[in-house]
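**Student:** Below: one structure in structure tokens.
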Amino acid sequence: LAKTTQPISMDSYEGQEVNITCSHNNIATNDYITWYQQFPSQGPRFIIQGYKTKVTNEVASLFIPADRKSSTLSLPRVSLSDTAVYYCLVVLYSSASKIIFGSGTRLSIRP
Amino acid sequence: GAVVSQHPSRVICKSGTSVKIECRSLDFQATTMFWYRQFPKQSLMLMATSNEGSKATYEQGVEKDKFLINHASLTLSTLTVTSAHPEDSSFYICSASPPTSIDRNEQFFGPGTRLTVL
């Protein structure tokens, strides 16, 4: 499984767009990029997953360049409740495959 | 979305005792579940893969005799921390992926169990 690197922490303000970039230089052909969100004392929650180009859902957008060596999670108009740890993961496209978590990005949103 | 539950949510025990944590998939069957441990301010560490009807697969450095895993049915996996010591105090989280997630590899995580060993 490819190793991921992302900023340890980020700060932003309510209403702003937040972009968290993750690098995964050793990503393999069958790997997908996935982002999870975790609040304190809770299990992680799936946010978004993509293979290439752009994926958008009701919560976020995921931008993946052609070489797939990095990706950017974009959170539009953040609120205080978006304060959490965000994990960028590279996973095999198989429901039974294990997930290895990296260090994550601690995002703090201020009023 | 699919729901994964854990019981208990919080447990305090004396050193030397054993503690069992249950992980259930409430609305789907899971042949595979995963167990993680998370210390304060740290990331999740995968401990083992729980396989229904067969032995669990442990990650390097995780003692299988210390952390007993039983996946007796398609909706239940249990993690037993045997002879618990204060250093076993941690947040234990399980996850599973429903077989219907054919369009993406999405793991559903339980709410976690906070274990405190005195």
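Labels for the structure tokens follow display order: chains A, B, ..., residues from 1 in each chain, ligands from 1.
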May I have the residues within 12 Å of B:Glu63 as a list of chain:residue names, using only C-alpha atoms and disregarding those fewer than 6 positions away in the same chain?
**Tutor:**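 Everything that qualifies: B:Met47, B:Ala48, B:Ala56, B:Thr57, B:Ile69, B:Thr80, B:Val81, B:Thr82, B:Asp88.
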**Student:** Within 12 Å of B:His71, counting only C-alpha atoms, which residues show up once you throw out same-chain ones fewer than 4 positions away? Write them as a list in words, please.
**Tutor:**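 Non-adjacent residues within range: Ile21, Glu22, Cys23, Arg24, Ser25, Gln29, Ala30, Thr31, Thr32, Met33, Phe34, Trp35, Ala48, Thr49, Ser50, Asn51, Glu52, Gly53, Ser54, Lys55, Ala56, Thr57, Thr75, Leu76, Ser77, Thr78, Leu79 and Thr80 of chain B.
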**Student:** I'd like the neighbourhood of stretch 106-114 of chain B as a PDB file with N, CA, C and O atoms, in the first residue's frame, where a residue qualifies if any of its atoms comes within 8 Å (using only C-alpha atoms), though same-chain residues fewer than 6 positions away should be ignored.
**Tutor:**
```pdb
ATOM      1  N   SER A  41     -12.983  10.958  19.716  1.00  0.00           N
ATOM      2  CA  SER A  41     -13.687   9.840  20.362  1.00  0.00           C
ATOM      3  C   SER A  41     -14.792   9.245  19.492  1.00  0.00           C
ATOM      4  O   SER A  41     -15.802   8.757  20.012  1.00  0.00           O
ATOM      5  N   GLN A  42     -14.613   9.305  18.181  1.00  0.00           N
ATOM      6  CA  GLN A  42     -15.544   8.662  17.255  1.00  0.00           C
ATOM      7  C   GLN A  42     -14.761   7.881  16.215  1.00  0.00           C
ATOM      8  O   GLN A  42     -13.569   8.127  16.010  1.00  0.00           O
ATOM      9  N   GLY A  43     -15.435   6.937  15.555  1.00  0.00           N
ATOM     10  CA  GLY A  43     -14.802   6.238  14.452  1.00  0.00           C
ATOM     11  C   GLY A  43     -14.746   7.131  13.222  1.00  0.00           C
ATOM     12  O   GLY A  43     -15.546   8.051  13.079  1.00  0.00           O
ATOM     13  N   PRO A  44     -13.791   6.879  12.324  1.00  0.00           N
ATOM     14  CA  PRO A  44     -13.704   7.683  11.101  1.00  0.00           C
ATOM     15  C   PRO A  44     -14.951   7.525  10.233  1.00  0.00           C
ATOM     16  O   PRO A  44     -15.650   6.507  10.296  1.00  0.00           O
ATOM     17  N   ARG A  45     -15.185   8.543   9.410  1.00  0.00           N
ATOM     18  CA  ARG A  45     -16.335   8.524   8.501  1.00  0.00           C
ATOM     19  C   ARG A  45     -15.842   8.767   7.087  1.00  0.00           C
ATOM     20  O   ARG A  45     -15.061   9.694   6.851  1.00  0.00           O
ATOM     21  N   PHE A  46     -16.303   7.958   6.160  1.00  0.00           N
ATOM     22  CA  PHE A  46     -15.936   8.087   4.754  1.00  0.00           C
ATOM     23  C   PHE A  46     -16.420   9.425   4.200  1.00  0.00           C
ATOM     24  O   PHE A  46     -17.551   9.837   4.443  1.00  0.00           O
ATOM     25  N   SER A  95     -13.638  -4.483  -1.447  1.00  0.00           N
ATOM     26  CA  SER A  95     -14.329  -4.232  -0.181  1.00  0.00           C
ATOM     27  C   SER A  95     -13.685  -4.965   0.985  1.00  0.00           C
ATOM     28  O   SER A  95     -13.897  -4.617   2.122  1.00  0.00           O
TER      29      SER A  95
ATOM     30  N   ALA B   2     -24.475   1.974   5.716  1.00  0.00           N
ATOM     31  CA  ALA B   2     -24.388   0.818   6.591  1.00  0.00           C
ATOM     32  C   ALA B   2     -24.000   1.241   8.009  1.00  0.00           C
ATOM     33  O   ALA B   2     -23.332   2.248   8.198  1.00  0.00           O
ATOM     34  N   VAL B   3     -24.422   0.447   8.994  1.00  0.00           N
ATOM     35  CA  VAL B   3     -24.174   0.788  10.394  1.00  0.00           C
ATOM     36  C   VAL B   3     -23.362  -0.308  11.063  1.00  0.00           C
ATOM     37  O   VAL B   3     -23.676  -1.493  10.950  1.00  0.00           O
ATOM     38  N   VAL B   4     -22.323   0.128  11.765  1.00  0.00           N
ATOM     39  CA  VAL B   4     -21.497  -0.769  12.558  1.00  0.00           C
ATOM     40  C   VAL B   4     -21.566  -0.301  14.004  1.00  0.00           C
ATOM     41  O   VAL B   4     -21.364   0.886  14.276  1.00  0.00           O
ATOM     42  N   SER B   5     -21.868  -1.205  14.906  1.00  0.00           N
ATOM     43  CA  SER B   5     -21.956  -0.832  16.319  1.00  0.00           C
ATOM     44  C   SER B   5     -20.871  -1.530  17.116  1.00  0.00           C
ATOM     45  O   SER B   5     -20.330  -2.559  16.693  1.00  0.00           O
ATOM     46  N   GLN B   6     -20.555  -0.965  18.263  1.00  0.00           N
ATOM     47  CA  GLN B   6     -19.585  -1.563  19.170  1.00  0.00           C
ATOM     48  C   GLN B   6     -20.153  -1.550  20.583  1.00  0.00           C
ATOM     49  O   GLN B   6     -20.885  -0.629  20.960  1.00  0.00           O
ATOM     50  N   HIS B   7     -19.786  -2.579  21.350  1.00  0.00           N
ATOM     51  CA  HIS B   7     -20.223  -2.633  22.728  1.00  0.00           C
ATOM     52  C   HIS B   7     -19.141  -3.271  23.577  1.00  0.00           C
ATOM     53  O   HIS B   7     -18.562  -4.289  23.165  1.00  0.00           O
ATOM     54  N   PRO B   8     -18.788  -2.700  24.719  1.00  0.00           N
ATOM     55  CA  PRO B   8     -19.348  -1.452  25.261  1.00  0.00           C
ATOM     56  C   PRO B   8     -18.690  -0.234  24.627  1.00  0.00           C
ATOM     57  O   PRO B   8     -17.706  -0.363  23.904  1.00  0.00           O
ATOM     58  N   SER B   9     -19.220   0.921  24.904  1.00  0.00           N
ATOM     59  CA  SER B   9     -18.612   2.147  24.393  1.00  0.00           C
ATOM     60  C   SER B   9     -17.456   2.586  25.286  1.00  0.00           C
ATOM     61  O   SER B   9     -16.533   3.267  24.827  1.00  0.00           O
ATOM     62  N   ARG B  10     -17.541   2.162  26.538  1.00  0.00           N
ATOM     63  CA  ARG B  10     -16.504   2.554  27.494  1.00  0.00           C
ATOM     64  C   ARG B  10     -16.385   1.449  28.538  1.00  0.00           C
ATOM     65  O   ARG B  10     -17.396   0.916  28.994  1.00  0.00           O
ATOM     66  N   VAL B  11     -15.171   1.087  28.885  1.00  0.00           N
ATOM     67  CA  VAL B  11     -14.972   0.067  29.912  1.00  0.00           C
ATOM     68  C   VAL B  11     -13.730   0.389  30.730  1.00  0.00           C
ATOM     69  O   VAL B  11     -12.708   0.811  30.186  1.00  0.00           O
ATOM     70  N   ILE B  21     -14.667  -6.958  23.646  1.00  0.00           N
ATOM     71  CA  ILE B  21     -15.322  -5.875  22.904  1.00  0.00           C
ATOM     72  C   ILE B  21     -16.021  -6.486  21.695  1.00  0.00           C
ATOM     73  O   ILE B  21     -15.413  -7.264  20.960  1.00  0.00           O
ATOM     74  N   CYS B  23     -18.138  -6.135  18.052  1.00  0.00           N
ATOM     75  CA  CYS B  23     -18.347  -5.319  16.865  1.00  0.00           C
ATOM     76  C   CYS B  23     -19.415  -5.995  16.019  1.00  0.00           C
ATOM     77  O   CYS B  23     -19.265  -7.154  15.649  1.00  0.00           O
ATOM     78  N   SER B  89      -4.538   0.487  27.650  1.00  0.00           N
ATOM     79  CA  SER B  89      -5.568   1.522  27.640  1.00  0.00           C
ATOM     80  C   SER B  89      -5.496   2.281  26.323  1.00  0.00           C
ATOM     81  O   SER B  89      -4.441   2.799  25.945  1.00  0.00           O
ATOM     82  N   SER B  90      -6.616   2.305  25.624  1.00  0.00           N
ATOM     83  CA  SER B  90      -6.627   2.919  24.300  1.00  0.00           C
ATOM     84  C   SER B  90      -8.060   2.994  23.793  1.00  0.00           C
ATOM     85  O   SER B  90      -9.003   2.585  24.475  1.00  0.00           O
ATOM     86  N   PHE B  91      -8.200   3.509  22.591  1.00  0.00           N
ATOM     87  CA  PHE B  91      -9.494   3.588  21.910  1.00  0.00           C
ATOM     88  C   PHE B  91      -9.479   2.496  20.841  1.00  0.00           C
ATOM     89  O   PHE B  91      -8.617   2.516  19.953  1.00  0.00           O
ATOM     90  N   TYR B  92     -10.374   1.542  20.953  1.00  0.00           N
ATOM     91  CA  TYR B  92     -10.396   0.421  20.009  1.00  0.00           C
ATOM     92  C   TYR B  92     -11.579   0.608  19.046  1.00  0.00           C
ATOM     93  O   TYR B  92     -12.719   0.831  19.473  1.00  0.00           O
ATOM     94  N   ILE B  93     -11.297   0.502  17.759  1.00  0.00           N
ATOM     95  CA  ILE B  93     -12.310   0.762  16.733  1.00  0.00           C
ATOM     96  C   ILE B  93     -12.342  -0.398  15.753  1.00  0.00           C
ATOM     97  O   ILE B  93     -11.292  -0.918  15.367  1.00  0.00           O
ATOM     98  N   CYS B  94     -13.549  -0.791  15.358  1.00  0.00           N
ATOM     99  CA  CYS B  94     -13.668  -1.829  14.346  1.00  0.00           C
ATOM    100  C   CYS B  94     -14.289  -1.235  13.077  1.00  0.00           C
ATOM    101  O   CYS B  94     -14.879  -0.149  13.107  1.00  0.00           O
ATOM    102  N   SER B  95     -14.114  -1.935  11.979  1.00  0.00           N
ATOM    103  CA  SER B  95     -14.722  -1.481  10.729  1.00  0.00           C
ATOM    104  C   SER B  95     -15.106  -2.675   9.882  1.00  0.00           C
ATOM    105  O   SER B  95     -14.593  -3.786  10.067  1.00  0.00           O
ATOM    106  N   ALA B  96     -16.011  -2.430   8.934  1.00  0.00           N
ATOM    107  CA  ALA B  96     -16.431  -3.474   8.002  1.00  0.00           C
ATOM    108  C   ALA B  96     -16.896  -2.806   6.721  1.00  0.00           C
ATOM    109  O   ALA B  96     -17.234  -1.625   6.713  1.00  0.00           O
ATOM    110  N   SER B  97     -16.891  -3.577   5.646  1.00  0.00           N
ATOM    111  CA  SER B  97     -17.319  -3.048   4.363  1.00  0.00           C
ATOM    112  C   SER B  97     -18.433  -3.923   3.831  1.00  0.00           C
ATOM    113  O   SER B  97     -18.241  -5.130   3.678  1.00  0.00           O
ATOM    114  N   PRO B  98     -19.598  -3.357   3.575  1.00  0.00           N
ATOM    115  CA  PRO B  98     -20.704  -4.178   3.072  1.00  0.00           C
ATOM    116  C   PRO B  98     -20.406  -4.683   1.666  1.00  0.00           C
ATOM    117  O   PRO B  98     -19.811  -3.957   0.868  1.00  0.00           O
TER     118      PRO B  98
END
```
**Student:** Select, as a list of chain:residue names, those residues of chain A with any atom no more than 9 Å from chain B (distances computed using only C-alpha atoms).
**Tutor:**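 The complete set of qualifying residues is A:Tyr32, A:Thr34, A:Ser41, A:Gln42, A:Gly43, A:Pro44, A:Arg45, A:Phe46, A:Ile48, A:Gln49, A:Gly50, A:Tyr87, A:Val91, A:Leu92, A:Tyr93, A:Ser94, A:Ser95, A:Ala96, A:Ser97, A:Lys98, A:Ile99, A:Ile100, A:Phe101, A:Gly102, A:Ser103, A:Gly104.
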**Student:** For the atom pair atom CA of A:Arg110 and atom CA of A:Asn19, what is the interatomic distance in Å to one decimal place?
**Tutor:**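 Between atom CA of A:Arg110 and atom CA of A:Asn19 the gap is 15.6 Å.
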**Student:** Can you list every residue in stretch 41-106 of chain A that DSSP puts in strand (DSSP E), as a count of residues only?
**Tutor:** 31
**Student:** Would you compute the distance between atom CA of A:Ser9 and atom CA of A:Thr72? Give it in Å to one decimal.
**Tutor:** 14.8 Å
**Student:** Atom CA of A:Met10 and atom CA of A:Leu75, how far apart in Å?
**Tutor:**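 Computing it gives 12.6 Å between the two atoms.
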